[in-house]
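Chemist: Right, I'll just put the structure down here and ask away after.
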Amino acid sequence: MRAWIGWWRLIVLGIVGVPAMATAAWAVEIHVAPSGRDEAGGTSSAPLRTVAAAQRMARMLAGREPVSVVLHAGVYYLPEAIVFTADDSGTAANPITYAAAPGEDVVLSGGLRMDLRWKPFRDGIFEAEVPEDLAIDQLFVDGRRQPMARYPNIDPTMRHFNGSAADAFSPARAARWADPRGGLIHAMHVHEWGDYHYLITGKDAENRVLYEGGWQNNRRMGMHPSYRMVENIFEELDAPGEWFHDTRSRTLYFEPPPGIDLSRARVEVVRLRHLVEFRGSSQKPVRFLTVKGITLRHAARTFMENREPLLRSDWTTYRGGAIFFDGAEDCVVEDSVIDQVGGNGIFVNNYNRRIAIRGCQIVGAGANGVAFVGNPGSVRSPLFEYEQRQSFKDIDKTPGPKGDDFPADCLLEDCLIHETGRVEKQSAPVQISMSLGITVRHCSIYDVPRAGINISEGTFGGHVVEFCDIFNTVLETGDHGSFNSWGRDRYWGLAGIDLNTVTLGEHKRLPLLDVVRPIILRNNRWRCDHGWDIDLDDGSSGYEIRNNLCLNGGLKLREGFYRIVENNILVNNSFHPHVWYGNSQDVFRRNIVFGPYRPIRVARPWGRECDRNLLHEPGRSEAGPANGLQRQSGRDDHSLEADARFLDPAKGDYRVQEDSPARTLGFENFPMDDFGVRKPRLKAIARTPELPTSQPKRITPPTEGAPIRWKGATLRGLAGDEFSALGVGRDAKGVLVAEVPPDSQAAKFGLRGNDFIQALNGRSVQNGRDFANEAAQAPAGRPLKVELIRNQRKETIEIEVDRDR
């Protein structure tokens with residue numbers, strides 16, 4: 001029996017047969033404490049013990065009065081995920097809240113605290129017997145996640161996986177392993193476009209490792225030859241902090257780091273994938289329910305379940321997270337901490353409306369921080385592989401989505417998200433796909449392997465990213481930016497229509513069929529030291545980019561349509577237009593750049609408008625015409641070269657003085673002190689980006705590789721960021737076919753402009769001279785086998801060369 005006071009509360013509200021009081025004016029509180037009893041009444045003096053018991057009581061009151069479930073200090077080890085359904089819903093007048101008691105530390109754990117009897121094993125390693133059928137995904141000791149036994153060992157100074165090696169699972173290495181089954185391989189994509197993960201299933205008689213997996217990337221082009229590592233191999237247990245669980249002998253092995261006393265240490269293992277779920281539907285959503293002030297910890301890694309392609313983006317996804325929304329409205333996660341979970345922090349899946357995530361810290365997540373991902377069934381004429389193409393006559397030409405099975409009108413605000421992607425490198429602190437109207441505001445984001453914010457495709461637009469501080473990104477990958485997007489939407493790569501003239505005719509809105517509202521980036525600060533600050537990649541269309549301070553990597557627009565870029569400052573860099581469509585209707589105006597533009601294969605004149613920009617020339621006393629920019633763009637008739645006269649760039653204040661020439665061009669100052677988190681608790685611990693330490697100097701464009709002529713074609717090495725336009729890695733070797741006159745022999749042989757030749761007759765070529773020499777030495781009478789990249793795809797062609805010409 002519950003205590004009588006608990007039952008009296010239910011009686012007053014009419015739950016057990018007595019009419020409810022008409023004027024109940026208080027919020028009902030249900031108290032929970034680890035020392036409580038589920039048979040108690042749920043008062044502060046007689047709390048319940050489990051969240052599940054509190055949920056049952058709150059459900060009886062839901063919608064009738066405001067209800068607050070108050071969790072008192074302690075760790076709540078969940079036997080299973082907390083699942084909220086429509087029956088747990090509140091209303092606007094009577095919301096439901098699950099919150100930590102003021103000033104108390106509350107942890108929801110998907111793990112299990114172990115009571116182990118440790119004994120020495122060997123070489124500083126200890127062992128302990130564990131229960132039968134126990135699966136251990138991660139091991140925490142005194143609150144810190146410990147690494148599985150791995151090779152190579154962790155080295156914080158190493159860029160990829162904190163340590164990688166070409167021989168990670170070579171036969172020579174595997175010969176040391178008695179039984180590698182259950183081991184794991186983690187490897188970067190060959191071009192560093194994310195990563196792959198594999199489960200080792202054994203090895204053969206020649207010590208070649210057998211494995212399965214590699215489905216975690218939607219551009220499957222193979223592992224990087226050097227950036228790879230293995231873990232969960234017993235013989236690799238050789239460094240402090242490493243552990244190995246032998247499921248057959250039910251033994252846990254651990255080499256404690258210095259300072260850890262295992263007789264006193266808190267040892268926890270991870271069990272659950274999800275900790276809290278909101279599970280409803282568009283017809284019966286979970287509504288008006290808030291989770292507040294709680295730390296969520298110990299959720300399992302999910303990288304082997306990450307296999308669903310997100311349309312034609314480079315991504316795949318696992319639909320789940322420590323907090324999982326699927327069919328909710330007007331629900332909130334507030335002032336909470338998601339700490340070192342193995343997969344996604346928060347996943348907002350399919351139908352959800354007005355979900356708000358405010359004031360939270362997400363740190364150390366294995367995959368994404370927060371992901372908003374809709375149902376591909378809501379996309380018209382969807383494709384799922386990069387190589388797939390369709391015809392204009394075959395696509396559904398109705399604008400916008402089908403149905404409502406996607407997140408919309410959601411908010412991520414005042415959140416600190418850092419050190420995500422600890423396991424999965426094709427991840428982001430904020431990931432958006434097949435969603436509408438997602439706002440990301442006043443967030444601080446840093447120390448991540450790939451983009452800080454990633455928008456996978458144009459579906460369905462309306463997103464706003466504002467007042468964010470995003471830096472230290474693309475730390476383990478390449479060819480990316482602090483902000484990254486793709487726009488491989490319905491229109492992209494269409495056959496049966498000329499995309500270079502589409503904006504001039506009746507189908508001028510074709511590129512925006514999936515982007516029903518513009519995507520806006522405004523008033524943010526970005527810094528990327530391994531790519532672009534802002535990177536709008538393949539097809540990204542319908543963007544408005546204003547009032548952004550880019551501190552290092554510049555701004556890239558690859559082919560797309562209807563982008564407006566204005567009133568931005570590109571410190572120590574410039575504007576990077578890459579392989580544009582003709583008549584793109586793009587606008588680049590009233591921006592401040594620090595060097596010449598960095599175009600790749602863009603025909604003049606550029607876009608609809610490119611003008612009134614300022615090329616910052618430190619120390620130049622008089623403004624003059626930006627003739628260099630004008631020659632590059634075929635526009636910029638009113639652009640100037642001058643000292644921008646910044647107020648205090650050494651302190652990050654890039655506002656311009658009243659007499660700045662930029663003001664005459666229409667440039668308007670925007671705040672330089674309002675980036676990132678605002679909440680005092682988060683602002684006190686949030687980092688800010690490294691600023692340029694002195695007055696920057698004007699940058700110069702990269703030089704091209706020395707060209708040679710071969711059969712009428714011009715061949716040369718790559719310059720600057722051309723590797724990105726070709727779809728190869730930064731360190732790719734080969735020779736670019738820069739120009740092929742249509743009447744040349746090279747054209748008749750089948751070479752095309754912008755082919756990137758990597759091998760001839762099976763021998764790699766490093767430059768144009770290599771290619772010419774190999775061709776000259778090839779046996780007469782045999783065709784030349786040319787391996788090349790064409791339109792970002794590998795192809796092999798054979799050409800018959802007349803050696804006498």
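Scheme for the structure tokens: letters A, B, ... for chains in order shown; per-chain residue numbers from 1; ligand numbers from 1 in order shown.
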Can you pull out the residues contacting Gly539 (chain A)? Cut-off 6 Å, using only C-alpha atoms, and skip same-chain residues under 6 positions away; I want them as a ChimeraX atom specification.

Modeler: /A:487-488,559-560

Chemist: Just the strand (DSSP E) stuff from region 8-186 of chain A, please, per backbone DSSP, written as a count of residues only.

Modeler: 50

Chemist: Neighbours of Pro649 (chain A) within 12 Å (only C-alpha atoms; same-chain residues fewer than 3 positions away dropped), as a PyMOL selection string?

Modeler: chain A and resi 549+551+569+571-572+618+644-646+652-657+672+691-696

Chemist: Would you list the contacts of Leu252 (chain A) as a PyMOL selection string, taking every protein, DNA or RNA residue within 6 Å and counting only C-alpha atoms, but skipping same-chain residues closer than 3 positions in sequence?

Modeler: chain A and resi 127-128+244-245

Chemist: Next, write the just-selected residues to a file, as a PDB file, in the first residue's frame, keeping all heavy atoms as the atom set.

Modeler:
```pdb
ATOM      1  N   GLU A 127      42.763  -8.870 -13.055  1.00  0.00           N
ATOM      2  CA  GLU A 127      41.642  -9.618 -13.609  1.00  0.00           C
ATOM      3  C   GLU A 127      40.563  -9.789 -12.555  1.00  0.00           C
ATOM      4  O   GLU A 127      40.828  -9.773 -11.350  1.00  0.00           O
ATOM      5  CB  GLU A 127      42.095 -10.990 -14.121  1.00  0.00           C
ATOM      6  CG  GLU A 127      42.630 -11.909 -13.041  1.00  0.00           C
ATOM      7  CD  GLU A 127      43.026 -13.282 -13.582  1.00  0.00           C
ATOM      8  OE1 GLU A 127      42.699 -13.581 -14.737  1.00  0.00           O
ATOM      9  OE2 GLU A 127      43.645 -14.052 -12.821  1.00  0.00           O
ATOM     10  N   ALA A 128      39.320  -9.954 -13.045  1.00  0.00           N
ATOM     11  CA  ALA A 128      38.186 -10.178 -12.142  1.00  0.00           C
ATOM     12  C   ALA A 128      37.134 -10.989 -12.882  1.00  0.00           C
ATOM     13  O   ALA A 128      36.935 -10.826 -14.092  1.00  0.00           O
ATOM     14  CB  ALA A 128      37.600  -8.854 -11.671  1.00  0.00           C
ATOM     15  N   PHE A 244      40.070  -5.586 -21.453  1.00  0.00           N
ATOM     16  CA  PHE A 244      39.570  -6.607 -22.371  1.00  0.00           C
ATOM     17  C   PHE A 244      38.635  -7.524 -21.600  1.00  0.00           C
ATOM     18  O   PHE A 244      38.941  -7.955 -20.479  1.00  0.00           O
ATOM     19  CB  PHE A 244      40.716  -7.432 -22.965  1.00  0.00           C
ATOM     20  CG  PHE A 244      40.246  -8.523 -23.885  1.00  0.00           C
ATOM     21  CD1 PHE A 244      39.887  -8.247 -25.197  1.00  0.00           C
ATOM     22  CD2 PHE A 244      40.136  -9.840 -23.440  1.00  0.00           C
ATOM     23  CE1 PHE A 244      39.438  -9.249 -26.051  1.00  0.00           C
ATOM     24  CE2 PHE A 244      39.677 -10.852 -24.277  1.00  0.00           C
ATOM     25  CZ  PHE A 244      39.334 -10.548 -25.588  1.00  0.00           C
ATOM     26  N   HIS A 245      37.483  -7.814 -22.219  1.00  0.00           N
ATOM     27  CA  HIS A 245      36.503  -8.710 -21.609  1.00  0.00           C
ATOM     28  C   HIS A 245      36.509 -10.021 -22.379  1.00  0.00           C
ATOM     29  O   HIS A 245      36.136 -10.057 -23.565  1.00  0.00           O
ATOM     30  CB  HIS A 245      35.122  -8.064 -21.657  1.00  0.00           C
ATOM     31  CG  HIS A 245      34.025  -8.953 -21.150  1.00  0.00           C
ATOM     32  ND1 HIS A 245      32.729  -8.889 -21.632  1.00  0.00           N
ATOM     33  CD2 HIS A 245      34.020  -9.925 -20.191  1.00  0.00           C
ATOM     34  CE1 HIS A 245      31.987  -9.776 -21.014  1.00  0.00           C
ATOM     35  NE2 HIS A 245      32.732 -10.422 -20.133  1.00  0.00           N
TER      36      HIS A 245
END
```

Chemist: Rank A:Ala713, A:Leu61, A:Ile154, A:Ala732 by their smallest atom-to-atom distance to Glu192 (chain A), using only C-alpha atoms, and report the top residue only.

Modeler: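 Result for the nearest residue to Glu192 (chain A): A:Ala732.
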
Chemist: Enumerate, as a count of residues only, the complete set of residues in region 63-311 of chain A that a backbone-based DSSP assignment places in alpha helix (DSSP H).

Modeler: 4

Chemist: To one decimal place in Å, what is the distance between CA of Arg790 (chain A) and CA of Phe392 (chain A)?

Modeler: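 Taking CA of Arg790 (chain A) and CA of Phe392 (chain A), their separation equals 22.8 Å.
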
Chemist: Tell me which of A:Asn472, A:Asn767, A:Gln388, A:Ser109 sits closest to Pro689 (chain A), counting only C-alpha atoms.

Modeler: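 Of the candidates, the smallest distance to Pro689 (chain A) is held by A:Asn472.
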
Chemist: If we count only C-alpha atoms and set the cut-off at 9 Å, which residues sit around Gly280 (chain A), ignoring sequence neighbours fewer than 3 positions away in its own chain? Please answer as an MDAnalysis selection string.

Modeler: chainID A and resid 84:86 283:287 325:328 351

Chemist: Let me make sure I understand: among A:Glu774, A:Asp637, A:Asp447, A:Glu795, which one has the smallest atom-to-atom distance to Arg159 (chain A) if we use only C-alpha atoms?

Modeler: A:Asp447

Chemist: Using only C-alpha atoms, what does the table of region 78-119 of chain A residues within 12 Å of region 29-39 of chain A look like, with each row giving the shortest atom pair and its distance in Å to one decimal, sorted by chain and ascending number, as JSON lines?

Modeler:
```
{"residue": "A:Leu78", "atom": "CA", "partner": "A:Pro34", "partner_atom": "CA", "distance": 11.6}
{"residue": "A:Ile96", "atom": "CA", "partner": "A:Glu29", "partner_atom": "CA", "distance": 10.2}
{"residue": "A:Thr97", "atom": "CA", "partner": "A:Glu29", "partner_atom": "CA", "distance": 9.5}
{"residue": "A:Tyr98", "atom": "CA", "partner": "A:Ile30", "partner_atom": "CA", "distance": 9.3}
{"residue": "A:Ala99", "atom": "CA", "partner": "A:His31", "partner_atom": "CA", "distance": 10.0}
{"residue": "A:Ala100", "atom": "CA", "partner": "A:Val32", "partner_atom": "CA", "distance": 9.6}
{"residue": "A:Ala101", "atom": "CA", "partner": "A:His31", "partner_atom": "CA", "distance": 8.9}
{"residue": "A:Glu104", "atom": "CA", "partner": "A:Ala33", "partner_atom": "CA", "distance": 11.1}
{"residue": "A:Asp105", "atom": "CA", "partner": "A:Ala33", "partner_atom": "CA", "distance": 11.5}
{"residue": "A:Val106", "atom": "CA", "partner": "A:Ala33", "partner_atom": "CA", "distance": 9.5}
{"residue": "A:Val107", "atom": "CA", "partner": "A:Pro34", "partner_atom": "CA", "distance": 10.7}
{"residue": "A:Leu108", "atom": "CA", "partner": "A:Pro34", "partner_atom": "CA", "distance": 11.2}
```

Chemist: Just to be explicit: take each residue in the selection above, keep C-alpha atoms, and write the result as a JSON list (two decimals), in the first residue's frame.

Modeler:
```json
[["chain", "number", "residue", "atom", "x", "y", "z"],
["A", 78, "LEU", "CA", 18.07, 1.96, -15.48],
["A", 96, "ILE", "CA", 4.69, 17.32, -17.11],
["A", 97, "THR", "CA", 8.28, 17.84, -15.90],
["A", 98, "TYR", "CA", 10.95, 15.35, -14.85],
["A", 99, "ALA", "CA", 13.65, 17.40, -13.16],
["A", 100, "ALA", "CA", 16.55, 17.19, -10.77],
["A", 101, "ALA", "CA", 15.85, 18.72, -7.40],
["A", 104, "GLU", "CA", 21.27, 18.28, -6.63],
["A", 105, "ASP", "CA", 23.26, 16.08, -9.03],
["A", 106, "VAL", "CA", 21.12, 13.44, -10.70],
["A", 107, "VAL", "CA", 22.44, 10.84, -13.13],
["A", 108, "LEU", "CA", 20.40, 8.49, -15.32]]
```

Chemist: In Å, rounded to a single decimal, give me how far CA of Asn552 (chain A) is from CA of Leu412 (chain A).

Modeler: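 According to the coordinates, CA of Leu412 (chain A) and CA of Asn552 (chain A) are separated by 25.7 Å.
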
Chemist: Within 9 Å of Arg546 (chain A), counting only C-alpha atoms, which residues qualify if same-chain residues fewer than 5 places away don't, as an MDAnalysis selection string?

Modeler: chainID A and resid 520:524 564:568

Chemist: Measuring atom to atom with only C-alpha atoms, identify which of A:Glu658, A:Val474, A:Phe467, A:Ala623 is nearest to Asn547 (chain A).

Modeler: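 Between A:Glu658, A:Val474, A:Phe467, A:Ala623, the residue approaching Asn547 (chain A) most closely is A:Phe467.
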
Chemist: When distances are computed from only C-alpha atoms, which of A:Pro401, A:Gly110, A:Phe324, A:Leu139 shows the smallest separation from Val83 (chain A)?

Modeler: A:Phe324

Chemist: Taking 2 positions as the minimum chain separation for residues in the same chain, which residues sit within 8 Å of region 331-348 of chain A when counting only C-alpha atoms? Answer as an MDAnalysis selection string.

Modeler: chainID A and resid 138 145 273 286:303 319:326 328:329 350 352 354:373 407 423

Chemist: Would you mind reading off the distance between CA of Glu419 (chain A) and CA of Arg450 (chain A), one decimal, in Å?

Modeler: 10.8 Å
